[in-house]
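target_35.cif (mmCIF, C-alpha atoms) appears below.
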data_data
#
loop_
_atom_site.label_atom_id
_atom_site.label_comp_id
_atom_site.auth_asym_id
_atom_site.auth_seq_id
_atom_site.Cartn_x
_atom_site.Cartn_y
_atom_site.Cartn_z
CA ALA N 1 -21.51 104.44 78.71
CA GLN N 2 -18.47 102.60 77.48
CA LYS N 3 -19.26 99.08 76.40
CA ILE N 4 -15.66 97.93 76.56
CA THR N 5 -13.26 99.29 79.14
CA GLN N 6 -9.54 98.67 79.13
CA THR N 7 -8.14 100.46 82.15
CA GLN N 8 -4.44 99.95 81.44
CA PRO N 9 -3.17 102.37 78.79
CA GLY N 10 0.30 100.85 79.00
CA MET N 11 2.02 97.92 80.63
CA PHE N 12 5.54 96.55 80.90
CA VAL N 13 6.45 92.91 81.36
CA GLN N 14 9.74 91.09 81.59
CA GLU N 15 10.52 88.60 78.86
CA LYS N 16 9.38 85.04 79.75
CA GLU N 17 7.00 86.34 82.43
CA ALA N 18 3.20 86.12 82.25
CA VAL N 19 1.03 89.22 81.91
CA THR N 20 -2.68 89.92 82.29
CA LEU N 21 -4.43 92.59 80.25
CA ASP N 22 -7.73 93.72 81.72
CA CYS N 23 -11.04 94.09 79.91
CA THR N 24 -14.49 94.72 81.33
CA TYR N 25 -17.62 94.92 79.25
CA ASP N 26 -21.15 96.15 79.57
CA THR N 27 -24.12 94.52 77.89
CA SER N 28 -27.63 93.43 78.78
CA ASP N 29 -27.78 90.96 75.91
CA PRO N 30 -27.38 87.35 77.08
CA SER N 31 -25.74 86.42 73.78
CA TYR N 32 -22.43 88.05 72.99
CA GLY N 33 -18.89 87.30 71.94
CA LEU N 34 -15.62 88.70 73.21
CA PHE N 35 -12.52 89.04 71.08
CA TRP N 36 -8.91 90.00 71.64
CA TYR N 37 -6.74 91.42 68.90
CA LYS N 38 -3.06 92.35 68.71
CA GLN N 39 -2.02 95.33 66.65
CA PRO N 40 1.71 95.78 65.95
CA SER N 41 2.99 99.10 64.67
CA SER N 42 2.39 97.90 61.09
CA GLY N 43 -1.35 98.35 61.70
CA GLU N 44 -2.65 94.86 61.05
CA MET N 45 -5.21 93.63 63.58
CA ILE N 46 -4.27 90.06 64.44
CA PHE N 47 -6.99 87.86 65.92
CA LEU N 48 -5.86 86.16 69.12
CA ILE N 49 -8.74 84.56 70.93
CA TYR N 50 -12.53 84.40 71.19
CA GLN N 51 -14.95 83.68 74.03
CA GLY N 52 -18.66 83.24 73.57
CA SER N 53 -21.04 84.16 76.36
CA TYR N 54 -22.39 80.63 76.53
CA ASP N 55 -19.01 78.93 76.45
CA GLN N 56 -18.55 76.88 79.60
CA GLN N 57 -14.78 76.86 79.57
CA ASN N 58 -12.27 79.66 79.30
CA ALA N 59 -10.81 79.95 75.81
CA THR N 60 -7.16 79.13 75.19
CA GLU N 61 -4.99 79.50 72.09
CA GLY N 62 -1.37 78.59 72.56
CA ARG N 63 0.21 81.13 74.91
CA TYR N 64 -3.03 83.11 75.09
CA SER N 65 -5.84 82.37 77.48
CA LEU N 66 -8.93 84.30 78.38
CA ASN N 67 -9.96 84.62 82.02
CA PHE N 68 -13.71 84.92 81.55
CA GLN N 69 -15.66 85.94 84.65
CA LYS N 70 -19.22 86.38 83.46
CA ALA N 71 -20.73 87.63 86.71
CA ARG N 72 -18.08 90.34 86.93
CA LYS N 73 -18.33 91.05 83.18
CA SER N 74 -14.62 90.73 82.73
CA ALA N 75 -12.62 89.02 79.99
CA ASN N 76 -8.96 89.42 80.79
CA LEU N 77 -6.29 88.23 78.38
CA VAL N 78 -3.41 86.27 79.86
CA ILE N 79 -0.21 85.95 77.86
CA SER N 80 2.17 83.36 79.22
CA ALA N 81 5.94 83.32 78.65
CA SER N 82 6.06 86.79 77.09
CA GLN N 83 8.29 87.29 74.07
CA LEU N 84 9.79 90.47 72.64
CA GLY N 85 7.50 90.05 69.64
CA ASP N 86 4.49 90.41 71.92
CA SER N 87 5.15 94.15 72.20
CA ALA N 88 2.12 95.76 70.55
CA MET N 89 -1.29 97.31 71.19
CA TYR N 90 -3.92 94.89 72.42
CA PHE N 91 -7.62 95.48 71.89
CA CYS N 92 -10.59 93.86 73.54
CA ALA N 93 -13.79 93.88 71.49
CA MET N 94 -17.36 92.70 71.87
CA ARG N 95 -20.10 91.68 69.51
CA GLU N 96 -23.59 91.76 70.99
CA GLY N 97 -26.54 89.66 70.02
CA PRO N 98 -26.92 86.50 67.96
CA GLY N 99 -26.56 88.15 64.57
CA ASN N 100 -23.62 89.57 62.69
CA THR N 101 -23.45 92.79 64.68
CA PRO N 102 -20.42 95.11 64.52
CA LEU N 103 -17.51 94.82 66.87
CA VAL N 104 -17.20 97.44 69.59
CA PHE N 105 -13.62 98.02 70.67
CA GLY N 106 -11.95 99.23 73.81
CA LYS N 107 -9.25 101.88 73.70
CA GLY N 108 -6.48 99.34 73.89
CA THR N 109 -3.47 98.55 76.07
CA ARG N 110 0.07 99.06 74.87
CA LEU N 111 2.23 96.17 76.04
CA SER N 112 5.99 96.50 76.11
CA VAL N 113 8.09 93.40 76.69
CA ILE N 114 11.50 94.08 78.20
CA ALA N 115 14.51 91.83 77.67
CA LYS V 1 -4.97 80.19 52.81
CA ALA V 2 -4.72 83.84 51.79
CA GLY V 3 -5.67 86.42 54.38
CA VAL V 4 -7.57 89.66 54.02
CA THR V 5 -5.93 91.88 51.43
CA GLN V 6 -6.27 95.64 51.48
CA THR V 7 -5.01 98.05 48.88
CA PRO V 8 -3.45 100.51 48.78
CA ARG V 9 -1.46 100.30 52.00
CA TYR V 10 -0.50 103.94 52.11
CA LEU V 11 -1.85 106.98 50.36
CA ILE V 12 -1.77 110.73 50.63
CA LYS V 13 -4.66 112.85 49.38
CA THR V 14 -5.50 116.54 49.33
CA ARG V 15 -8.53 118.05 51.02
CA GLY V 16 -11.54 117.97 48.77
CA GLN V 17 -10.38 114.95 46.80
CA GLN V 18 -12.00 111.55 46.93
CA VAL V 19 -10.45 108.17 47.65
CA THR V 20 -11.34 104.55 47.04
CA LEU V 21 -9.99 101.72 49.18
CA SER V 22 -10.25 98.05 48.30
CA CYS V 23 -10.60 94.91 50.39
CA SER V 24 -10.47 91.29 49.27
CA PRO V 25 -11.79 88.98 52.00
CA ILE V 26 -10.67 85.49 52.85
CA SER V 27 -11.92 82.97 50.32
CA GLY V 28 -15.38 81.79 51.31
CA HIS V 29 -16.10 84.76 53.54
CA ARG V 30 -19.16 86.69 52.44
CA SER V 31 -19.16 89.50 54.96
CA VAL V 32 -16.88 92.51 54.78
CA SER V 33 -16.86 95.22 57.42
CA TRP V 34 -14.95 98.49 57.46
CA TYR V 35 -13.57 100.28 60.49
CA GLN V 36 -11.85 103.63 60.92
CA GLN V 37 -9.08 103.95 63.48
CA THR V 38 -7.86 107.34 64.70
CA PRO V 39 -5.83 108.28 67.78
CA GLY V 40 -8.69 110.38 69.12
CA GLN V 41 -11.73 108.24 68.43
CA GLY V 42 -10.19 104.80 68.44
CA LEU V 43 -11.79 102.08 66.31
CA GLN V 44 -15.17 102.94 64.89
CA PHE V 45 -17.45 100.85 62.73
CA LEU V 46 -18.25 102.26 59.29
CA PHE V 47 -20.41 99.66 57.54
CA GLU V 48 -20.81 95.99 56.75
CA TYR V 49 -21.65 94.32 53.48
CA PHE V 50 -22.98 90.81 53.04
CA SER V 51 -23.83 89.30 49.68
CA GLU V 52 -23.55 92.69 47.97
CA THR V 53 -25.99 94.36 50.40
CA GLN V 54 -25.22 96.82 53.14
CA ARG V 55 -26.40 95.09 56.28
CA ASN V 56 -25.16 97.43 59.01
CA LYS V 57 -24.09 101.04 59.06
CA GLY V 58 -22.22 103.10 61.62
CA ASN V 59 -22.60 106.74 62.46
CA PHE V 60 -20.60 108.37 59.68
CA PRO V 61 -21.63 111.10 57.22
CA GLY V 62 -22.82 110.26 53.73
CA ARG V 63 -19.38 111.11 52.32
CA PHE V 64 -18.42 107.60 53.39
CA SER V 65 -19.87 104.92 51.18
CA GLY V 66 -19.12 101.41 50.15
CA ARG V 67 -20.10 98.54 47.96
CA GLN V 68 -19.51 94.84 47.58
CA PHE V 69 -19.10 92.88 44.41
CA SER V 70 -20.35 89.41 43.55
CA ASN V 71 -16.93 87.92 44.41
CA SER V 72 -17.25 89.46 47.91
CA ARG V 73 -14.53 92.03 47.28
CA SER V 74 -15.47 95.37 48.75
CA GLU V 75 -14.57 98.97 48.16
CA MET V 76 -15.13 101.99 50.32
CA ASN V 77 -15.16 105.51 49.06
CA VAL V 78 -14.70 108.79 50.86
CA SER V 79 -15.66 111.90 48.94
CA THR V 80 -14.72 115.50 49.65
CA LEU V 81 -11.91 114.52 51.96
CA GLU V 82 -11.35 116.43 55.17
CA LEU V 83 -8.24 116.58 57.33
CA GLY V 84 -10.10 114.59 59.98
CA ASP V 85 -10.48 111.66 57.60
CA SER V 86 -6.79 110.90 58.08
CA ALA V 87 -6.86 107.46 59.66
CA LEU V 88 -6.10 103.79 59.36
CA TYR V 89 -8.97 102.08 57.55
CA LEU V 90 -9.32 98.43 58.44
CA CYS V 91 -11.32 95.81 56.63
CA ALA V 92 -12.67 92.76 58.44
CA SER V 93 -13.69 89.53 56.79
CA SER V 94 -16.05 86.93 58.18
CA LEU V 95 -18.40 84.16 57.14
CA GLY V 96 -21.31 86.41 57.97
CA ASP V 97 -22.79 84.45 60.85
CA SER V 98 -22.49 85.26 64.52
CA GLY V 99 -19.40 83.13 65.10
CA ASN V 100 -15.86 83.93 65.95
CA THR V 101 -14.32 84.08 62.50
CA ILE V 102 -13.50 87.76 62.15
CA TYR V 103 -10.14 88.50 60.56
CA PHE V 104 -8.69 91.86 59.66
CA GLY V 105 -6.43 93.03 56.90
CA GLU V 106 -3.28 95.12 57.30
CA GLY V 107 -5.23 98.32 56.76
CA SER V 108 -4.93 101.32 54.50
CA TRP V 109 -3.17 104.34 55.96
CA LEU V 110 -4.82 107.49 54.60
CA THR V 111 -3.27 110.91 55.13
CA VAL V 112 -5.22 113.97 54.04
CA VAL V 113 -3.18 117.15 53.63
#
Let me see whether you can do it: turn the structure in this file into structure tokens.
Amino acid sequence: AQKITQTQPGMFVQEKEAVTLDCTYDTSDPSYGLFWYKQPSSGEMIFLIYQGSYDQQNATEGRYSLNFQKARKSANLVISASQLGDSAMYFCAMREGPGNTPLVFGKGTRLSVIA
Amino acid sequence: KAGVTQTPRYLIKTRGQQVTLSCSPISGHRSVSWYQQTPGQGLQFLFEYFSETQRNKGNFPGRFSGRQFSNSRSEMNVSTLELGDSALYLCASSLGDSGNTIYFGEGSWLTVV
């Protein structure tokens, strides 16, 4: 079974609008961390935001926020005030357990911002 | 603060050859992980090194190997290259604990012809 599911292969958003990228995860471990990365066409994976399973509040980093719904096992990324430079692939990833376990990635969502 | 540095950025190899990729982590980071990214399989974990020891390993054949030096720099090697090894190889750097400090480099684009 897929541990990370990103159901939107591609999305379009108008410049200056907000957009939500979906991510659901599957784990039975009570301790886990959820990550979002941005990958432009250059290939670099750029860290955006992190949410720990025990964090009480939703994570925010500038224009990025994470809508963490633990009971539904979802960790959606919200980008506010989209910019043309936000056009890229976005990956949701999870690390299970308390140790330094590997990241498991979803298949990604390609976001295109339209002027 | 310097980020994660991967070299070379692009390379083309012939089937049967071997290749070595290098990764210099962020200063102070002791863990280096390698991932392979292909259009078909997505991002897959190769292995992780911490303090010169392989701590985790993914499901890849023995042709894929790695090592870490005392300064935390890491290399990965792929021997007897196959066409299917064509991929973006990404290196991730972290402190080595279970926190949220995982940063990636720009990757090495490998094409096998």
Near Ala92 (chain V), within 12 Å and counting only C-alpha atoms, which residues show up once chain neighbours fewer than 3 positions away are dropped, as a PyMOL selection string? (chain N and resi 44-47+102-103) or (chain V and resi 3-6+22-26+29-36+45-50+72-74+89+95-96+101-107)
Taking the file as shown, what set of residues would the PyMOL selection byres ((chain N and resi 66) around 10) give back, as a PDB file with C-alpha atoms, in the coordinates of the input?
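Full text of part.pdb as output:
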ATOM      1  CA  THR N  20      -2.680  89.920  82.290  1.00  0.00           C
ATOM      2  CA  LEU N  21      -4.430  92.590  80.250  1.00  0.00           C
ATOM      3  CA  LEU N  34     -15.620  88.700  73.210  1.00  0.00           C
ATOM      4  CA  PHE N  35     -12.520  89.040  71.080  1.00  0.00           C
ATOM      5  CA  TRP N  36      -8.910  90.000  71.640  1.00  0.00           C
ATOM      6  CA  LEU N  48      -5.860  86.160  69.120  1.00  0.00           C
ATOM      7  CA  ILE N  49      -8.740  84.560  70.930  1.00  0.00           C
ATOM      8  CA  TYR N  50     -12.530  84.400  71.190  1.00  0.00           C
ATOM      9  CA  GLN N  51     -14.950  83.680  74.030  1.00  0.00           C
ATOM     10  CA  GLN N  57     -14.780  76.860  79.570  1.00  0.00           C
ATOM     11  CA  ASN N  58     -12.270  79.660  79.300  1.00  0.00           C
ATOM     12  CA  ALA N  59     -10.810  79.950  75.810  1.00  0.00           C
ATOM     13  CA  THR N  60      -7.160  79.130  75.190  1.00  0.00           C
ATOM     14  CA  GLU N  61      -4.990  79.500  72.090  1.00  0.00           C
ATOM     15  CA  TYR N  64      -3.030  83.110  75.090  1.00  0.00           C
ATOM     16  CA  SER N  65      -5.840  82.370  77.480  1.00  0.00           C
ATOM     17  CA  ASN N  67      -9.960  84.620  82.020  1.00  0.00           C
ATOM     18  CA  PHE N  68     -13.710  84.920  81.550  1.00  0.00           C
ATOM     19  CA  GLN N  69     -15.660  85.940  84.650  1.00  0.00           C
ATOM     20  CA  SER N  74     -14.620  90.730  82.730  1.00  0.00           C
ATOM     21  CA  ALA N  75     -12.620  89.020  79.990  1.00  0.00           C
ATOM     22  CA  ASN N  76      -8.960  89.420  80.790  1.00  0.00           C
ATOM     23  CA  LEU N  77      -6.290  88.230  78.380  1.00  0.00           C
ATOM     24  CA  VAL N  78      -3.410  86.270  79.860  1.00  0.00           C
ATOM     25  CA  ILE N  79      -0.210  85.950  77.860  1.00  0.00           C
TER      26      ILE N  79
END
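Closest approach to chain N among V:Ala87, V:Val19, V:Leu81, V:Leu43 is made by V:Leu43 (distances from all atoms listed in the file).
Of the listed residues (V:Gly66, V:Pro39, V:Gly84, V:Pro8), V:Pro39 comes nearest to chain N; the distances count all atoms listed in the file.
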Dump as a ChimeraX atom specification all residues having an atom at most 7 Å from (-4.8, 92.4, 71.9), computed in the file's coordinates with only C-alpha atoms. /N:36-39,48,89-92
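Neighbours of Glu17 (chain N) closer than or equal to 10 Å, with all atoms listed in the file counted and sequence neighbours fewer than 2 positions away skipped, come out as Val13, Gln14, Glu15, Val19, Ile79, Ser80, Ala81, Ser82, Gln83, Val113 and Ile114 of chain N.
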A straight line from CA of Leu90 (chain V) to CA of Val113 (chain V) spans 20.3 Å
Please expand the PyMOL selection byres ((chain V and resi 109) around 8) into the concrete residues it hits in this file, giving the result as a list in words. Arg9, Tyr10, Leu11, Ser86, Ala87, Leu88, Tyr89, Gly107, Ser108, Leu110 and Thr111 of chain V
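Between chain V and the candidates N:Gly62, N:Pro30, N:Pro40, N:Gly99, the tightest atom-to-atom separation, counting only C-alpha atoms, involves N:Gly99.
When all atoms listed in the file are used to measure the gap to Phe105 (chain N), the shortest distance among V:Ser65, V:Gly28, V:Leu21, V:Gln37 belongs to V:Gln37.
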